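> Input file: run.cif. Contents: mmCIF, N, CA and C atoms.
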```
data_data
#
loop_
_atom_site.label_atom_id
_atom_site.label_comp_id
_atom_site.auth_asym_id
_atom_site.auth_seq_id
_atom_site.Cartn_x
_atom_site.Cartn_y
_atom_site.Cartn_z
N MET A 1 77.33 155.75 73.68
CA MET A 1 78.11 155.38 74.83
C MET A 1 77.74 153.95 75.27
N LEU A 2 76.45 153.62 75.20
CA LEU A 2 75.99 152.30 75.58
C LEU A 2 76.59 151.23 74.65
N ILE A 3 76.69 151.53 73.39
CA ILE A 3 77.25 150.58 72.41
C ILE A 3 78.74 150.35 72.70
N VAL A 4 79.49 151.39 73.05
CA VAL A 4 80.91 151.26 73.36
C VAL A 4 81.08 150.40 74.61
N VAL A 5 80.25 150.60 75.60
CA VAL A 5 80.33 149.80 76.83
C VAL A 5 80.00 148.34 76.53
N LEU A 6 78.98 148.10 75.71
CA LEU A 6 78.62 146.72 75.36
C LEU A 6 79.74 146.05 74.57
N LEU A 7 80.35 146.76 73.61
CA LEU A 7 81.45 146.20 72.83
C LEU A 7 82.66 145.92 73.73
N SER A 8 82.94 146.82 74.62
CA SER A 8 84.07 146.62 75.55
C SER A 8 83.82 145.41 76.46
N ALA A 9 82.61 145.28 76.96
CA ALA A 9 82.27 144.14 77.81
C ALA A 9 82.35 142.84 77.01
N GLY A 10 81.92 142.86 75.76
CA GLY A 10 82.00 141.68 74.91
C GLY A 10 83.45 141.29 74.63
N LEU A 11 84.32 142.27 74.36
CA LEU A 11 85.72 141.99 74.13
C LEU A 11 86.39 141.43 75.39
N LEU A 12 86.07 142.00 76.53
CA LEU A 12 86.63 141.49 77.79
C LEU A 12 86.15 140.06 78.06
N GLY A 13 84.89 139.79 77.80
CA GLY A 13 84.35 138.44 77.98
C GLY A 13 85.03 137.45 77.05
N LEU A 14 85.25 137.85 75.79
CA LEU A 14 85.92 136.99 74.82
C LEU A 14 87.37 136.74 75.24
N LEU A 15 88.03 137.76 75.75
CA LEU A 15 89.41 137.62 76.22
C LEU A 15 89.48 136.65 77.41
N MET A 16 88.55 136.75 78.34
CA MET A 16 88.53 135.84 79.49
C MET A 16 88.24 134.40 79.06
N LEU A 17 87.32 134.22 78.11
CA LEU A 17 87.01 132.89 77.60
C LEU A 17 88.22 132.27 76.92
N ASN A 18 88.93 133.05 76.12
CA ASN A 18 90.12 132.58 75.43
C ASN A 18 91.22 132.19 76.44
N THR A 19 91.38 132.97 77.47
CA THR A 19 92.38 132.68 78.49
C THR A 19 92.04 131.37 79.22
N ALA A 20 90.79 131.17 79.55
CA ALA A 20 90.36 129.95 80.24
C ALA A 20 90.59 128.72 79.36
N LEU A 21 90.32 128.84 78.05
CA LEU A 21 90.54 127.72 77.13
C LEU A 21 92.04 127.40 77.02
N ASN A 22 92.88 128.43 77.00
CA ASN A 22 94.32 128.18 76.92
C ASN A 22 94.84 127.50 78.19
N GLU A 23 94.33 127.91 79.34
CA GLU A 23 94.73 127.26 80.59
C GLU A 23 94.33 125.79 80.58
N GLY A 24 93.16 125.48 80.08
CA GLY A 24 92.71 124.10 79.97
C GLY A 24 93.58 123.31 79.01
N SER A 25 94.00 123.95 77.93
CA SER A 25 94.86 123.29 76.96
C SER A 25 96.22 122.95 77.58
N PHE A 26 96.77 123.87 78.36
CA PHE A 26 98.05 123.61 79.02
C PHE A 26 97.92 122.48 80.05
N GLU A 27 96.82 122.48 80.78
CA GLU A 27 96.58 121.43 81.77
C GLU A 27 96.44 120.08 81.08
N LEU A 28 95.73 120.03 79.95
CA LEU A 28 95.56 118.81 79.19
C LEU A 28 96.91 118.30 78.68
N SER A 29 97.73 119.19 78.19
CA SER A 29 99.06 118.82 77.70
C SER A 29 99.90 118.25 78.84
N ARG A 30 99.88 118.87 80.01
CA ARG A 30 100.64 118.40 81.15
C ARG A 30 100.17 117.01 81.60
N LEU A 31 98.85 116.80 81.61
CA LEU A 31 98.31 115.51 82.03
C LEU A 31 98.64 114.41 81.02
N LYS A 32 98.64 114.74 79.72
CA LYS A 32 99.02 113.75 78.71
C LYS A 32 100.47 113.33 78.88
N LYS A 33 101.35 114.30 79.16
CA LYS A 33 102.76 113.98 79.37
C LYS A 33 102.92 113.12 80.62
N GLN A 34 102.20 113.45 81.68
CA GLN A 34 102.27 112.67 82.91
C GLN A 34 101.76 111.24 82.66
N THR A 35 100.70 111.09 81.89
CA THR A 35 100.17 109.78 81.56
C THR A 35 101.20 108.97 80.78
N THR A 36 101.86 109.60 79.83
CA THR A 36 102.88 108.91 79.05
C THR A 36 104.04 108.46 79.94
N ASP A 37 104.49 109.33 80.83
CA ASP A 37 105.59 108.98 81.73
C ASP A 37 105.20 107.82 82.65
N LEU A 38 103.99 107.86 83.19
CA LEU A 38 103.55 106.79 84.08
C LEU A 38 103.35 105.47 83.33
N THR A 39 102.90 105.54 82.09
CA THR A 39 102.74 104.33 81.28
C THR A 39 104.11 103.71 81.00
N ASP A 40 105.10 104.55 80.68
CA ASP A 40 106.45 104.04 80.46
C ASP A 40 107.01 103.40 81.72
N GLU A 41 106.78 104.03 82.87
CA GLU A 41 107.26 103.47 84.13
C GLU A 41 106.58 102.14 84.42
N LYS A 42 105.28 102.06 84.16
CA LYS A 42 104.53 100.82 84.40
C LYS A 42 105.07 99.70 83.52
N GLN A 43 105.36 100.01 82.25
CA GLN A 43 105.89 98.99 81.34
C GLN A 43 107.27 98.54 81.79
N GLY A 44 108.09 99.46 82.26
CA GLY A 44 109.41 99.10 82.76
C GLY A 44 109.33 98.20 83.99
N LEU A 45 108.42 98.52 84.90
CA LEU A 45 108.24 97.70 86.09
C LEU A 45 107.68 96.32 85.73
N GLN A 46 106.78 96.27 84.77
CA GLN A 46 106.23 94.98 84.34
C GLN A 46 107.31 94.13 83.69
N ALA A 47 108.19 94.75 82.90
CA ALA A 47 109.31 94.01 82.30
C ALA A 47 110.23 93.47 83.38
N GLN A 48 110.48 94.26 84.43
CA GLN A 48 111.33 93.80 85.53
C GLN A 48 110.67 92.63 86.26
N ILE A 49 109.36 92.70 86.47
CA ILE A 49 108.64 91.59 87.11
C ILE A 49 108.73 90.34 86.24
N ASP A 50 108.56 90.51 84.94
CA ASP A 50 108.64 89.36 84.03
C ASP A 50 110.03 88.73 84.06
N ARG A 51 111.09 89.58 84.10
CA ARG A 51 112.46 89.05 84.16
C ARG A 51 112.68 88.29 85.46
N ASN A 52 112.20 88.84 86.58
CA ASN A 52 112.41 88.19 87.87
C ASN A 52 111.54 86.95 88.05
N ALA A 53 110.44 86.84 87.31
CA ALA A 53 109.55 85.69 87.43
C ALA A 53 109.90 84.58 86.46
N ALA A 54 110.90 84.79 85.61
CA ALA A 54 111.31 83.76 84.66
C ALA A 54 111.89 82.57 85.42
N PRO A 55 111.70 81.36 84.91
CA PRO A 55 112.18 80.17 85.63
C PRO A 55 113.69 80.20 85.92
N ASP A 56 114.50 80.66 84.99
CA ASP A 56 115.94 80.68 85.24
C ASP A 56 116.30 81.69 86.32
N ALA A 57 115.59 82.82 86.38
CA ALA A 57 115.86 83.82 87.43
C ALA A 57 115.42 83.28 88.79
N LEU A 58 114.29 82.58 88.83
CA LEU A 58 113.83 81.99 90.10
C LEU A 58 114.80 80.91 90.56
N ALA A 59 115.29 80.10 89.64
CA ALA A 59 116.25 79.04 90.00
C ALA A 59 117.55 79.66 90.51
N ARG A 60 118.02 80.72 89.85
CA ARG A 60 119.25 81.38 90.29
C ARG A 60 119.08 81.96 91.69
N ARG A 61 117.93 82.60 91.94
CA ARG A 61 117.67 83.20 93.25
C ARG A 61 117.55 82.11 94.33
N ALA A 62 116.95 80.98 93.98
CA ALA A 62 116.84 79.87 94.93
C ALA A 62 118.23 79.33 95.26
N ARG A 63 119.11 79.18 94.27
CA ARG A 63 120.48 78.74 94.53
C ARG A 63 121.21 79.72 95.43
N GLU A 64 120.98 81.03 95.20
CA GLU A 64 121.62 82.04 96.04
C GLU A 64 121.17 81.92 97.49
N LEU A 65 119.94 81.47 97.71
CA LEU A 65 119.41 81.30 99.06
C LEU A 65 119.79 79.95 99.66
N GLY A 66 120.52 79.12 98.90
CA GLY A 66 120.96 77.84 99.42
C GLY A 66 120.01 76.70 99.15
N MET A 67 119.01 76.90 98.32
CA MET A 67 118.05 75.84 98.01
C MET A 67 118.62 74.92 96.94
N VAL A 68 118.16 73.68 96.92
CA VAL A 68 118.56 72.72 95.90
C VAL A 68 117.29 72.15 95.28
N PRO A 69 117.38 71.64 94.05
CA PRO A 69 116.19 71.05 93.42
C PRO A 69 115.67 69.87 94.22
N GLY A 70 114.36 69.72 94.26
CA GLY A 70 113.74 68.65 95.02
C GLY A 70 113.96 67.30 94.39
N GLY A 71 113.82 66.25 95.19
CA GLY A 71 113.95 64.88 94.71
C GLY A 71 112.67 64.44 94.02
N GLY A 72 112.55 63.13 93.88
CA GLY A 72 111.37 62.60 93.23
C GLY A 72 110.13 62.86 94.06
N PRO A 73 109.05 63.34 93.45
CA PRO A 73 107.85 63.63 94.22
C PRO A 73 107.03 62.37 94.49
N ALA A 74 106.26 62.41 95.53
CA ALA A 74 105.30 61.36 95.84
C ALA A 74 103.97 62.06 96.07
N PHE A 75 102.89 61.39 95.66
CA PHE A 75 101.57 61.98 95.75
C PHE A 75 100.68 61.08 96.60
N LEU A 76 99.90 61.67 97.46
CA LEU A 76 98.98 60.95 98.32
C LEU A 76 97.59 61.06 97.72
N GLN A 77 96.99 59.91 97.42
CA GLN A 77 95.65 59.90 96.85
C GLN A 77 94.61 60.01 97.96
N ASP A 78 93.36 60.23 97.55
CA ASP A 78 92.27 60.36 98.51
C ASP A 78 92.06 59.09 99.33
N ASP A 79 92.33 57.93 98.73
CA ASP A 79 92.13 56.68 99.46
C ASP A 79 93.33 56.30 100.32
N GLY A 80 94.36 57.13 100.39
CA GLY A 80 95.51 56.89 101.26
C GLY A 80 96.69 56.22 100.57
N LYS A 81 96.54 55.85 99.30
CA LYS A 81 97.65 55.22 98.59
C LYS A 81 98.68 56.28 98.20
N VAL A 82 99.93 55.86 98.21
CA VAL A 82 101.02 56.75 97.86
C VAL A 82 101.47 56.41 96.44
N LEU A 83 101.45 57.39 95.55
CA LEU A 83 101.93 57.21 94.19
C LEU A 83 103.34 57.75 94.09
N GLY A 84 104.25 56.97 93.57
CA GLY A 84 105.63 57.41 93.41
C GLY A 84 106.44 57.09 94.65
N THR A 85 107.72 57.30 94.53
CA THR A 85 108.62 57.06 95.64
C THR A 85 109.28 58.38 96.01
N PRO A 86 109.08 58.85 97.23
CA PRO A 86 109.70 60.13 97.59
C PRO A 86 111.22 59.97 97.62
N GLY A 87 111.89 60.99 97.14
CA GLY A 87 113.34 60.96 97.12
C GLY A 87 113.92 62.19 97.78
N GLN A 88 115.13 62.05 98.24
CA GLN A 88 115.81 63.16 98.89
C GLN A 88 116.34 64.12 97.83
N ALA A 89 116.32 65.39 98.12
CA ALA A 89 116.86 66.39 97.20
C ALA A 89 118.35 66.19 97.08
N GLN A 90 118.85 66.23 95.85
CA GLN A 90 120.27 66.05 95.59
C GLN A 90 120.87 67.36 95.15
N ASP A 91 121.98 67.72 95.74
CA ASP A 91 122.66 68.95 95.35
C ASP A 91 123.68 68.61 94.27
N SER A 92 123.29 68.82 93.04
CA SER A 92 124.20 68.57 91.92
C SER A 92 124.25 69.83 91.06
N PRO A 93 125.36 70.04 90.38
CA PRO A 93 125.45 71.25 89.56
C PRO A 93 124.45 71.20 88.41
N PRO A 94 123.89 72.33 88.06
CA PRO A 94 122.92 72.35 86.96
C PRO A 94 123.60 72.08 85.63
N VAL A 95 122.82 71.64 84.67
CA VAL A 95 123.33 71.39 83.33
C VAL A 95 123.64 72.73 82.68
N LYS A 96 124.85 72.86 82.16
CA LYS A 96 125.27 74.12 81.52
C LYS A 96 124.76 74.15 80.09
N ARG A 97 124.21 75.29 79.72
CA ARG A 97 123.77 75.51 78.35
C ARG A 97 124.76 76.46 77.71
N PRO A 98 124.90 76.43 76.38
CA PRO A 98 125.87 77.31 75.72
C PRO A 98 125.61 78.79 75.98
N ASP A 99 124.35 79.21 76.05
CA ASP A 99 124.05 80.62 76.25
C ASP A 99 124.20 81.03 77.71
N ASP A 100 124.43 80.07 78.63
CA ASP A 100 124.63 80.39 80.04
C ASP A 100 126.10 80.55 80.41
N ALA A 101 127.00 80.45 79.46
CA ALA A 101 128.43 80.51 79.77
C ALA A 101 128.79 81.85 80.40
N ALA A 102 128.27 82.94 79.86
CA ALA A 102 128.59 84.26 80.42
C ALA A 102 127.89 84.47 81.75
N ALA A 103 126.67 83.97 81.88
CA ALA A 103 125.92 84.15 83.13
C ALA A 103 126.47 83.27 84.24
N ALA A 104 127.07 82.13 83.88
CA ALA A 104 127.60 81.22 84.89
C ALA A 104 128.78 81.83 85.63
N SER A 105 129.55 82.66 84.95
CA SER A 105 130.69 83.27 85.62
C SER A 105 130.24 84.33 86.62
N ALA A 106 129.08 84.93 86.42
CA ALA A 106 128.59 85.97 87.32
C ALA A 106 127.81 85.39 88.50
N VAL A 107 127.30 84.14 88.37
CA VAL A 107 126.49 83.53 89.42
C VAL A 107 127.40 82.71 90.31
N PRO A 108 127.38 82.90 91.64
CA PRO A 108 128.21 82.09 92.53
C PRO A 108 127.72 80.65 92.53
N ALA A 109 128.65 79.72 92.76
CA ALA A 109 128.31 78.30 92.76
C ALA A 109 127.40 78.00 93.94
N ALA A 110 126.48 77.06 93.74
CA ALA A 110 125.57 76.67 94.81
C ALA A 110 126.34 75.86 95.84
N PRO A 111 126.04 76.03 97.13
CA PRO A 111 126.75 75.27 98.15
C PRO A 111 126.43 73.79 98.04
N SER A 112 127.39 72.94 98.34
CA SER A 112 127.16 71.50 98.25
C SER A 112 126.34 71.06 99.45
N ALA A 113 125.86 69.80 99.40
CA ALA A 113 124.98 69.31 100.45
C ALA A 113 125.72 69.22 101.78
N GLY A 114 127.01 68.90 101.77
CA GLY A 114 127.75 68.76 103.00
C GLY A 114 128.32 70.07 103.51
N ALA A 115 128.42 71.07 102.67
CA ALA A 115 129.02 72.34 103.07
C ALA A 115 128.00 73.20 103.79
N PRO A 116 128.46 73.94 104.82
CA PRO A 116 127.51 74.83 105.51
C PRO A 116 127.13 75.99 104.62
N ALA A 117 125.94 76.49 104.84
CA ALA A 117 125.45 77.63 104.05
C ALA A 117 126.16 78.89 104.52
N PRO A 118 126.29 79.89 103.66
CA PRO A 118 126.90 81.13 104.10
C PRO A 118 126.08 81.75 105.22
N ALA A 119 126.76 82.39 106.16
CA ALA A 119 126.09 82.94 107.32
C ALA A 119 125.14 84.06 106.96
N SER A 120 125.52 84.90 106.02
CA SER A 120 124.65 86.01 105.63
C SER A 120 124.67 86.16 104.13
N PRO A 121 123.64 85.65 103.43
CA PRO A 121 123.59 85.83 101.99
C PRO A 121 123.48 87.31 101.65
N SER A 122 124.01 87.67 100.51
CA SER A 122 124.00 89.08 100.12
C SER A 122 122.59 89.50 99.79
N PRO A 123 122.07 90.54 100.46
CA PRO A 123 120.71 91.00 100.16
C PRO A 123 120.67 91.69 98.81
N THR A 124 119.54 91.56 98.16
CA THR A 124 119.33 92.23 96.88
C THR A 124 118.22 93.24 97.05
N ALA A 125 117.90 93.94 95.96
CA ALA A 125 116.89 94.99 96.04
C ALA A 125 115.53 94.44 96.46
N GLY A 126 115.20 93.18 96.04
CA GLY A 126 113.90 92.63 96.37
C GLY A 126 113.90 91.91 97.71
N ASP A 127 115.08 91.77 98.36
CA ASP A 127 115.18 91.04 99.60
C ASP A 127 114.79 91.95 100.75
N ASP A 128 113.94 91.46 101.64
CA ASP A 128 113.50 92.30 102.74
C ASP A 128 114.30 92.03 104.00
N GLY A 129 115.47 91.42 103.89
CA GLY A 129 116.34 91.22 105.01
C GLY A 129 116.14 89.89 105.71
N VAL A 130 115.23 89.05 105.27
CA VAL A 130 115.02 87.75 105.87
C VAL A 130 116.09 86.82 105.34
N GLN A 131 116.82 86.18 106.24
CA GLN A 131 117.86 85.26 105.83
C GLN A 131 117.39 83.84 106.08
N ILE A 132 117.50 83.01 105.06
CA ILE A 132 117.02 81.64 105.15
C ILE A 132 118.21 80.72 105.01
N ALA A 133 118.44 79.88 105.99
CA ALA A 133 119.50 78.89 105.92
C ALA A 133 118.88 77.58 105.49
N PRO A 134 119.58 76.81 104.65
CA PRO A 134 119.00 75.53 104.21
C PRO A 134 118.89 74.55 105.37
N ALA A 135 117.85 73.76 105.35
CA ALA A 135 117.64 72.75 106.39
C ALA A 135 118.57 71.58 106.13
N PRO A 136 118.93 70.83 107.17
CA PRO A 136 119.76 69.64 106.94
C PRO A 136 118.97 68.63 106.14
N PRO A 137 119.68 67.77 105.39
CA PRO A 137 118.96 66.79 104.56
C PRO A 137 118.10 65.88 105.42
N ALA A 138 116.90 65.63 104.96
CA ALA A 138 115.98 64.76 105.67
C ALA A 138 116.27 63.31 105.31
N THR A 139 116.06 62.43 106.25
CA THR A 139 116.26 61.01 105.96
C THR A 139 115.00 60.49 105.32
N ALA A 140 115.18 59.59 104.35
CA ALA A 140 114.03 59.03 103.65
C ALA A 140 113.36 58.00 104.55
N THR A 141 112.08 58.18 104.81
CA THR A 141 111.30 57.23 105.61
C THR A 141 110.14 56.76 104.78
N PRO A 142 109.77 55.50 104.94
CA PRO A 142 108.62 55.02 104.16
C PRO A 142 107.35 55.73 104.61
N THR A 143 106.54 56.06 103.64
CA THR A 143 105.30 56.76 103.93
C THR A 143 104.15 55.76 103.93
N ALA A 144 103.42 55.71 105.02
CA ALA A 144 102.27 54.82 105.11
C ALA A 144 101.11 55.62 105.67
N PRO A 145 99.89 55.31 105.27
CA PRO A 145 98.75 56.06 105.82
C PRO A 145 98.59 55.73 107.30
N HIS A 146 98.21 56.73 108.06
CA HIS A 146 97.98 56.55 109.49
C HIS A 146 96.64 55.85 109.70
N PRO A 147 96.59 54.93 110.67
CA PRO A 147 95.33 54.19 110.85
C PRO A 147 94.18 55.08 111.31
N GLY A 148 94.44 56.16 112.00
CA GLY A 148 93.36 56.99 112.50
C GLY A 148 93.10 58.22 111.64
N SER A 149 93.50 58.20 110.37
CA SER A 149 93.36 59.40 109.54
C SER A 149 91.93 59.63 109.09
N GLY A 150 91.09 58.60 109.12
CA GLY A 150 89.69 58.79 108.77
C GLY A 150 89.42 58.67 107.28
N ARG A 151 90.39 58.40 106.48
CA ARG A 151 90.16 58.24 105.03
C ARG A 151 90.54 56.87 104.58
#
```
Could you take the file, read its structure, and then write that structure out as structure tokens?

Amino acid sequence: MLIVVLLSAGLLGLLMLNTALNEGSFELSRLKKQTTDLTDEKQGLQAQIDRNAAPDALARRARELGMVPGGGPAFLQDDGKVLGTPGQAQDSPPVKRPDDAAAASAVPAAPSAGAPAPASPSPTAGDDGVQIAPAPPATATPTAPHPGSGR
């Protein structure tokens, strides 16, 4: 009788161990699938970030917000000298490339320097509702170091 009880207890213990291992296997399988799904989502989001961070996408988004390319830059050295001649930003149409022909029809034209900006630009998925109107063109003034600047 003692041997039958010991064999029965051993079989029940083996059955419980097998059940616990199978549960762990199912959990491992579920976690692997979840990891794969999250990795795919991460790669998709990274690709979207890369597309939106491309120079042509940034330029297109800037045009949509009413921005124009900057004029000639000027640099201020440590000793107060100005390198270069600052220039006013000019609103001119961008140079068309052959591969941009299809994209140009989908992108609205940039507003000219004299034309008022649209009152409410169309928000996009990445836009948080902040509307930016372009500033009026600045007049070019000669840049000279201030006498009391300390440099």
> Excluding same-chain residues fewer than 6 positions from segment 65-76 of chain A, what lies within 5 Å of it counting all atoms listed in the file, as a list in words?
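So the residues in contact are Val82, Leu83, Gly84, Thr85, Pro86, Gly87, Gln88 and Ala89 of chain A.
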> Only N, CA and C atoms, please: the residues just picked out, written as a PDB file, keeping the file's coordinate frame.

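The new file again.pdb reads:
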```pdb
ATOM      1  N   VAL A  82      99.930  55.860  98.210  1.00  0.00           N
ATOM      2  CA  VAL A  82     101.020  56.750  97.860  1.00  0.00           C
ATOM      3  C   VAL A  82     101.470  56.410  96.440  1.00  0.00           C
ATOM      4  N   LEU A  83     101.450  57.390  95.550  1.00  0.00           N
ATOM      5  CA  LEU A  83     101.930  57.210  94.190  1.00  0.00           C
ATOM      6  C   LEU A  83     103.340  57.750  94.090  1.00  0.00           C
ATOM      7  N   GLY A  84     104.250  56.970  93.570  1.00  0.00           N
ATOM      8  CA  GLY A  84     105.630  57.410  93.410  1.00  0.00           C
ATOM      9  C   GLY A  84     106.440  57.090  94.650  1.00  0.00           C
ATOM     10  N   THR A  85     107.720  57.300  94.530  1.00  0.00           N
ATOM     11  CA  THR A  85     108.620  57.060  95.640  1.00  0.00           C
ATOM     12  C   THR A  85     109.280  58.380  96.010  1.00  0.00           C
ATOM     13  N   PRO A  86     109.080  58.850  97.230  1.00  0.00           N
ATOM     14  CA  PRO A  86     109.700  60.130  97.590  1.00  0.00           C
ATOM     15  C   PRO A  86     111.220  59.970  97.620  1.00  0.00           C
ATOM     16  N   GLY A  87     111.890  60.990  97.140  1.00  0.00           N
ATOM     17  CA  GLY A  87     113.340  60.960  97.120  1.00  0.00           C
ATOM     18  C   GLY A  87     113.920  62.190  97.780  1.00  0.00           C
ATOM     19  N   GLN A  88     115.130  62.050  98.240  1.00  0.00           N
ATOM     20  CA  GLN A  88     115.810  63.160  98.890  1.00  0.00           C
ATOM     21  C   GLN A  88     116.340  64.120  97.830  1.00  0.00           C
ATOM     22  N   ALA A  89     116.320  65.390  98.120  1.00  0.00           N
ATOM     23  CA  ALA A  89     116.860  66.390  97.200  1.00  0.00           C
ATOM     24  C   ALA A  89     118.350  66.190  97.080  1.00  0.00           C
TER      25      ALA A  89
END
```
> Find the distance between atom CA of Glu41 of chain A and atom CA of Glu23 of chain A and write it in Å to one decimal.
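It comes out at 27.1 Å.
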> What does the distance from atom C of Leu58 of chain A to atom N of Gln46 of chain A come to in Å, to one decimal?
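Straight-line distance from atom C of Leu58 of chain A to atom N of Gln46 of chain A works out to 18.3 Å.
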> Please measure the separation of atom CA of Lys32 of chain A and atom CA of Leu15 of chain A, giving the value in Å to one decimal.
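Answer for the atom CA of Lys32 of chain A to atom CA of Leu15 of chain A separation: 25.9 Å.
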